[in-house]
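The structure appears right after this line, and notes come after that.
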Amino acid sequence: MGVSSASGQTPRVIILPRPRLGLRRDPTLLDEPSASTARPDDSANLGWRRDLVAGSGLPAPETARRRFAIRLLALVAVGAGVVYLTWRATTTLDLTVWWVSIPLLLLEIHATVGLALFTVSLWDIDRRPDRPLVTETDARIAVLIPTYDEGIEVLLPTLAAAVEMDVAHETWILDDGDRPEVARLAAEIGARYLTRPEHDHAKAGNLNHALGVVEAEIIAILDANHVAERDFLVRLLGYFEDPRVAIVQTPQDFYNLDSFEHEGSAAERSTYHEQALFYRVIQPGKNRWGAAFWCGTGAVVRVAALREVGGVATGSLTEDIHTTIRLHRRGWRTVYHNEVLARGLAASDARTYMAQRLRWGTGAMQVLRIENPLVVPGLSLGQRIAYGATLLGWFDAWRTLGYLVLPAVVLLTGAVPIRADPLSFVIAFSVTFVLQQLAVLCLSRGYHRPILSVVFEIVRMTPNLLATVTLVRPGRPSFRVTPKGRTGDGRAAAPAPTLLVALGWLGIVGAGWFGLTIAGLTPTSYDVPWAAYGAFGWLLFGLWLVIAAIGRVRSLRYAAERRSSVRFEARELVDFDELVGEVSDLSLTGARLVLPILVGSETGHRLEVDLGEEHIALAVEIRSVRRLSTGGWMYGLAFLEGQHTERARLARALFGSTRSGPSADIVDISLEVAA
């Protein structure tokens with residue numbers, strides 16, 4: 001069914017212009033505000049988090065007073081943990097039930113050691129060298145975009161943005177899928193296309209093959225779904241004035257704000273996601289120790305450095321961190337630039353999220369086997385600690401599992417791992433626990449959310465446990481590309497991980513057994529009643545968290561992604577030949593149009609976008625028409641195949657400025673449908 005106007009003419013959907021939000025930078029500007037002159041932008045106040053430097057996505061430097069207060073609190077918390085553990089080990093252990101008491105003590109030791117590593121990692125999160133902005137260079141620059149099976153709708157905005165980057169460069173798409181349609185896309189948009197005869201070593205092999213073909217001194221590497229800011233190169237090339245800098249890495253951020261990893265209001269989702277703590281706080285902290293590492297995308301790399309270490313490492317699934325270790329061992333430097341200059345696709349559903357974590361964790365274990373940064377020569381002590389904090393963090397899943405299992409063990413067996421006066425224990429434990437939680441909150445600069453972070457820990461517990469087992473299990477797992485774009489046909493809920501279901505039932509059984517024991521209906525006895533009641537409270541808390549994690553995995557909100565291209569909301573009233581309607585969203589594959597009545601059928605439709613300085617016209621067809629429960633009719637408009645050049649122009653308008661956030665350039669636009 002098509003749409004036609006009352007006058008019988010073919011209608012057009014026209015998007016009218018609005019003021020652009022892009023920055024207009026003085027081309028003579030060579031330096032950003034330094035730590036001594038930077039002033040925060042009040043409009044970017046993020047509460048616990050730091051303000052942003054006006055005109056930049058960089059966080060404002062912390063004051064000396066704030067930094068001192070955070071460090072002092074962290075040291076007090078670590079010190080309190082040491083005192084508490086000493087008291088626990090020397091006074092409160094009941095070795096008659098060592099099989100419960102020793103594991104509990106080890107879990108508490110692990111937590112304090114983790115806080116100590118966290119403190120060292122985040123001792124200074126502002127450390128990075130000054131650098132000029134670069135608008136011209138004699139160096140040969142290439143932007144490399146590896147791809148395997150990502151769809152055209154995923155590749156198109158990445159490629160369109162890369163071609164339009166400031167600073168003279170070549171854009172290459174490295175297609176391990178040997179797809180003619182991708183070659184045509186590259187040719188139409190102005191990129192170069194490269195494939196290879198053998199497809200070994202996945203992404204690492206793809207990049208190494210390109211190093212033998214592409215003539216460049218500096219390469220920027222973007223994953224197939226990462227849309228870069230126009231001044232991506234301008235803001236990063238200046239670091240390479242230091243001849244020993246090999247890699248400059250930027251944060252990974254995302255434009256699909258409805259992903260499995262995002263939470264909160266629309267405003268919060270633009271700044272918070274599950275990986276935000278790592279990319280906005282932990283990685284910047286590694287600059288202090290010279291240990292910032294490549295994260296696979298959103299980075300600029302010196303080719304000579306890669307050649308010196310034999311190219312991108314192929315011995316693990318995490319070629320990025322593995323390659324960085326080799327660079328650091330040879331004396332090369334790395335820099336983390338804490339400004340979002342590219343956004344990609346976060347895991348849209350639970351399956352994708354857990355598969356991604358399994359691959360990352362497995363790669364981390366391979367690195368520990370092949371080139372363990374804790375023992376290999378050539379690294380500084382600070383680098384060893386920084387790498388250790390990241391790689392050993394995968395074992396946190398065992399601590400989480402232990403805290404969920406032990407309360408049930410205590411309630412089912414009656415074995416009490418702690419022998420102490422209840423008041424003394426409650427005071428010692430509470431003070432230590434509260435101090436440690438406050439320290440984590442302050443060290444994380446607001447990117448740690450206590451409950452939500454634990455829920456995510458439980459969700460990823462299964463893949464993390466499986467990954468750590470590969471440290472001692474022989475064999476090399478195969479590389480699997482994280483699915484992007486359309487990942488399913490239905491809206492069915494993902495199955496809950498078997499481990500979480502088992503933990504849920506264990507909690508229910510433990511709680512029921514406790515109730516029966518208190519009633520005198522089981523052979524179990526609680527010789528230390530207060531400890532049993534404490535274990536029961538902890539079990540209920542853990543059970544609630546497990547249920548919350550299962551609920552998130554099973555939620556239809558995070559079911560398989562059915563859309564091949566992210567939709568940008570544009571809920572604006574439209575005038576369709578004297579009918580008031582609405583365009584509800586727009587994407588690189590089409591749009592949805594709502595009209596109050598069912599109108600006639602017609603072919604040859606087109607959607608026109610007026611951006612002020614340029615006009616875009618795209619041929620569309622009506623794929624679907626359905627009646628809405630609220631009244632009116634929803635028309636699904638789909639762009640016809642091809643039209644790569646026009647869709648590339650639309651992509652630049654839709655994705656807008658990554659620094660301002662996704663869809664920034666289509667908010668509050670005026671829409672009109674005319675005959």
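The way I read the labels, and the way they are meant: chains A, B, ... in the order of the structure tokens, residue 1 as the first residue of every chain, and ligand 1 as the first ligand shown, with later ones counted on from there.
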### Task
Can you pull out every residue within 10 Å of Tyr148 of chain A, counting only C-alpha atoms, but drop anything in the same chain fewer than 6 positions away, and send it as a ChimeraX atom specification?
/A:174-179,199,202-203,206,224,481
### Message
Applying 9 Å and only C-alpha atoms, which residues near segment 390-396 of chain A remain after dropping the ones on its own chain fewer than 3 positions away? List them as a ChimeraX atom specification.
### Response
/A:110-111,114,361,364-365,367-368,385-387,399-401,457,461,464-465,467-468
### Task
One decimal, Å: what's the distance from atom CA of Ile370 of chain A over to atom CA of Glu217 of chain A, could you say?
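Atom-to-atom, atom CA of Ile370 of chain A to atom CA of Glu217 of chain A, that is 28.8 Å.
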### Task
Compile the contact shell of Ser525 of chain A as a list in words: residues with an atom at most 9 Å away, counting only C-alpha atoms, same-chain residues fewer than 5 positions apart removed.
Thr413, Gly414, Ala415, Thr517, Ile518 and Gly520 of chain A
### Message
Can you tell me which residues surround Thr250 of chain A at a distance of at most 12 Å, considering only C-alpha atoms, apart from same-chain residues fewer than 3 positions away, and format the answer as a ChimeraX atom specification?
### Response
/A:57-58,220-222,226,228-229,232-233,235-236,247,253,278-281,283-284,292-301,334-343
### Task
Extract, using only C-alpha atoms, all DNA, RNA and protein residues at most 8 Å from segment 538-547 of chain A, discarding same-chain residues fewer than 3 positions from it, and format them as a list in words.
Tyr403, Leu404, Pro407, Ala408, Val454, Val455, Ile458, Leu500, Leu503, Gly504, Gly507, Ile508, Gly510, Ala511, Gly534, Ala535, Ile550 and Gly551 of chain A
### Query
Which distance in Å separates atom CA of Leu207 of chain A and atom CA of Leu306 of chain A, to one decimal?
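If I compute the distance from atom CA of Leu207 of chain A to atom CA of Leu306 of chain A, I get 10.6 Å.
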### Message
Taking 4 positions as the minimum chain separation for residues in the same chain, which residues sit within 9 Å of Gly331 of chain A when counting only C-alpha atoms? Answer as a list in words.
### Response
Arg244, Arg326, Leu327, Gly378 and Leu379 of chain A
Output file for the selection above: C-alpha atoms, as a PDB file, in the first residue's frame:
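Output saved as again13.pdb:
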ATOM      1  CA  ARG A 244      58.612   7.549  20.988  1.00  0.00           C
ATOM      2  CA  ARG A 326      55.238  -5.810  23.157  1.00  0.00           C
ATOM      3  CA  LEU A 327      55.499  -2.111  22.350  1.00  0.00           C
ATOM      4  CA  GLY A 378      61.285  -4.860  29.745  1.00  0.00           C
ATOM      5  CA  LEU A 379      58.367  -3.424  31.740  1.00  0.00           C
TER       6      LEU A 379
END
### Task
Report as a ChimeraX atom specification: the residues of segment 342-524 of chain A with a DSSP assignment of helix (DSSP H, G or I), based on the backbone of this structure.
/A:350-370,381-413,422-443,450-459,461-469,498-518
Could you build a table of the residues in segment 361-450 of chain A lying no more than 12 Å from segment 120-142 of chain A, giving for each the nearest pair of atoms and their separation in Å rounded to one decimal place, using only C-alpha atoms, ordered by chain and ascending residue number, as CSV?
residue,atom,partner,partner_atom,distance
A:Leu381,CA,A:Val120,CA,11.7
A:Gly382,CA,A:Val120,CA,8.9
A:Gln383,CA,A:Ser121,CA,10.1
A:Arg384,CA,A:Ser121,CA,11.1
A:Ile385,CA,A:Ser121,CA,8.0
A:Ala386,CA,A:Ser121,CA,6.2
A:Tyr387,CA,A:Ser121,CA,9.5
A:Gly388,CA,A:Ser121,CA,10.1
A:Ala389,CA,A:Ser121,CA,7.5
A:Thr390,CA,A:Ser121,CA,9.3
A:Ala439,CA,A:Leu122,CA,11.1
A:Val440,CA,A:Leu122,CA,10.2
A:Leu441,CA,A:Leu122,CA,11.8
A:Cys442,CA,A:Leu122,CA,10.1
A:Leu443,CA,A:Leu122,CA,6.4
A:Ser444,CA,A:Leu122,CA,7.9
A:Arg445,CA,A:Leu122,CA,9.7
### Task
Rank nothing, just name the residue among A:Val528, A:Leu106, A:Ala651, A:Ala492 nearest to Arg419 of chain A, using only C-alpha atoms.
A:Val528
### Message
Can you pull out every residue from segment 180-341 of chain A that DSSP, working from the backbone, puts in strand (DSSP E or B), and format the result as a ChimeraX atom specification?
### Response
/A:192-194,218-221,227-228,245-249,253-254,262,273,299-302,333-336
Kindly save the residues from that selection, with N, CA, C and O atoms included, as an mmCIF file, in the first residue's frame.
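File selection.cif, as written:
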data_model
loop_
_atom_site.group_PDB
_atom_site.id
_atom_site.type_symbol
_atom_site.label_atom_id
_atom_site.label_comp_id
_atom_site.auth_asym_id
_atom_site.auth_seq_id
_atom_site.Cartn_x
_atom_site.Cartn_y
_atom_site.Cartn_z
ATOM 1 N N ARG A 192 39.087 3.478 -0.313
ATOM 2 C CA ARG A 192 39.784 2.429 -1.046
ATOM 3 C C ARG A 192 39.439 1.082 -0.426
ATOM 4 O O ARG A 192 39.196 0.981 0.780
ATOM 5 N N TYR A 193 39.420 0.061 -1.250
ATOM 6 C CA TYR A 193 38.964 -1.264 -0.831
ATOM 7 C C TYR A 193 40.125 -2.244 -0.903
ATOM 8 O O TYR A 193 40.904 -2.244 -1.855
ATOM 9 N N LEU A 194 40.239 -3.090 0.147
ATOM 10 C CA LEU A 194 41.326 -4.061 0.178
ATOM 11 C C LEU A 194 40.825 -5.370 0.760
ATOM 12 O O LEU A 194 40.145 -5.394 1.790
ATOM 13 N N ILE A 218 51.383 6.926 9.703
ATOM 14 C CA ILE A 218 50.464 6.927 10.829
ATOM 15 C C ILE A 218 49.143 6.331 10.348
ATOM 16 O O ILE A 218 48.646 6.692 9.281
ATOM 17 N N ILE A 219 48.573 5.417 11.128
ATOM 18 C CA ILE A 219 47.273 4.857 10.770
ATOM 19 C C ILE A 219 46.292 5.071 11.925
ATOM 20 O O ILE A 219 46.655 4.958 13.093
ATOM 21 N N ALA A 220 45.077 5.421 11.569
ATOM 22 C CA ALA A 220 43.974 5.422 12.530
ATOM 23 C C ALA A 220 43.185 4.148 12.301
ATOM 24 O O ALA A 220 42.950 3.757 11.156
ATOM 25 N N ILE A 221 42.791 3.486 13.380
ATOM 26 C CA ILE A 221 42.080 2.215 13.269
ATOM 27 C C ILE A 221 40.713 2.369 13.913
ATOM 28 O O ILE A 221 40.592 2.760 15.074
ATOM 29 N N VAL A 227 31.766 5.407 14.434
ATOM 30 C CA VAL A 227 31.639 6.640 13.669
ATOM 31 C C VAL A 227 32.479 7.718 14.352
ATOM 32 O O VAL A 227 32.230 8.068 15.509
ATOM 33 N N ALA A 228 33.456 8.244 13.624
ATOM 34 C CA ALA A 228 34.420 9.167 14.218
ATOM 35 C C ALA A 228 34.015 10.623 14.035
ATOM 36 O O ALA A 228 33.331 10.986 13.071
ATOM 37 N N VAL A 245 56.207 7.997 20.875
ATOM 38 C CA VAL A 245 54.799 7.647 21.055
ATOM 39 C C VAL A 245 54.379 6.696 19.940
ATOM 40 O O VAL A 245 54.519 7.013 18.755
ATOM 41 N N ALA A 246 53.846 5.544 20.326
ATOM 42 C CA ALA A 246 53.430 4.536 19.356
ATOM 43 C C ALA A 246 51.921 4.508 19.156
ATOM 44 O O ALA A 246 51.444 4.270 18.046
ATOM 45 N N ILE A 247 51.157 4.736 20.218
ATOM 46 C CA ILE A 247 49.700 4.612 20.151
ATOM 47 C C ILE A 247 49.051 5.728 20.960
ATOM 48 O O ILE A 247 49.509 6.055 22.057
ATOM 49 N N VAL A 248 47.992 6.297 20.408
ATOM 50 C CA VAL A 248 47.111 7.190 21.156
ATOM 51 C C VAL A 248 45.713 6.586 21.101
ATOM 52 O O VAL A 248 45.168 6.376 20.020
ATOM 53 N N GLN A 249 45.176 6.292 22.268
ATOM 54 C CA GLN A 249 43.884 5.628 22.372
ATOM 55 C C GLN A 249 42.838 6.596 22.924
ATOM 56 O O GLN A 249 43.136 7.427 23.778
ATOM 57 N N ASP A 253 32.773 4.725 23.170
ATOM 58 C CA ASP A 253 31.454 5.146 23.590
ATOM 59 C C ASP A 253 30.471 4.687 22.514
ATOM 60 O O ASP A 253 30.896 4.177 21.469
ATOM 61 N N PHE A 254 29.172 4.877 22.750
ATOM 62 C CA PHE A 254 28.194 4.200 21.914
ATOM 63 C C PHE A 254 27.028 5.109 21.567
ATOM 64 O O PHE A 254 26.666 5.999 22.338
ATOM 65 N N HIS A 262 23.405 0.037 28.660
ATOM 66 C CA HIS A 262 23.010 1.367 29.108
ATOM 67 C C HIS A 262 21.905 1.285 30.152
ATOM 68 O O HIS A 262 21.118 0.349 30.166
ATOM 69 N N HIS A 273 27.366 3.959 30.759
ATOM 70 C CA HIS A 273 27.142 2.600 30.269
ATOM 71 C C HIS A 273 28.088 1.698 31.032
ATOM 72 O O HIS A 273 28.965 2.174 31.781
ATOM 73 N N ALA A 299 41.734 4.513 17.821
ATOM 74 C CA ALA A 299 43.141 4.743 18.144
ATOM 75 C C ALA A 299 43.907 5.194 16.909
ATOM 76 O O ALA A 299 43.514 4.923 15.780
ATOM 77 N N VAL A 300 45.028 5.870 17.158
ATOM 78 C CA VAL A 300 45.967 6.250 16.106
ATOM 79 C C VAL A 300 47.309 5.603 16.446
ATOM 80 O O VAL A 300 47.746 5.639 17.605
ATOM 81 N N VAL A 301 47.957 4.998 15.439
ATOM 82 C CA VAL A 301 49.125 4.151 15.683
ATOM 83 C C VAL A 301 50.253 4.536 14.738
ATOM 84 O O VAL A 301 50.024 4.806 13.551
ATOM 85 N N ARG A 302 51.478 4.524 15.261
ATOM 86 C CA ARG A 302 52.670 4.755 14.427
ATOM 87 C C ARG A 302 53.068 3.439 13.758
ATOM 88 O O ARG A 302 53.322 2.440 14.443
ATOM 89 N N ARG A 333 56.117 4.421 23.864
ATOM 90 C CA ARG A 333 55.167 5.054 24.782
ATOM 91 C C ARG A 333 53.764 5.018 24.193
ATOM 92 O O ARG A 333 53.588 5.003 22.980
ATOM 93 N N THR A 334 52.790 5.056 25.097
ATOM 94 C CA THR A 334 51.386 5.133 24.692
ATOM 95 C C THR A 334 50.713 6.247 25.479
ATOM 96 O O THR A 334 51.147 6.605 26.571
ATOM 97 N N VAL A 335 49.649 6.789 24.901
ATOM 98 C CA VAL A 335 48.911 7.888 25.533
ATOM 99 C C VAL A 335 47.424 7.580 25.466
ATOM 100 O O VAL A 335 46.935 7.095 24.438
ATOM 101 N N TYR A 336 46.729 7.873 26.551
ATOM 102 C CA TYR A 336 45.272 7.778 26.538
ATOM 103 C C TYR A 336 44.706 9.190 26.536
ATOM 104 O O TYR A 336 44.959 9.977 27.444
#
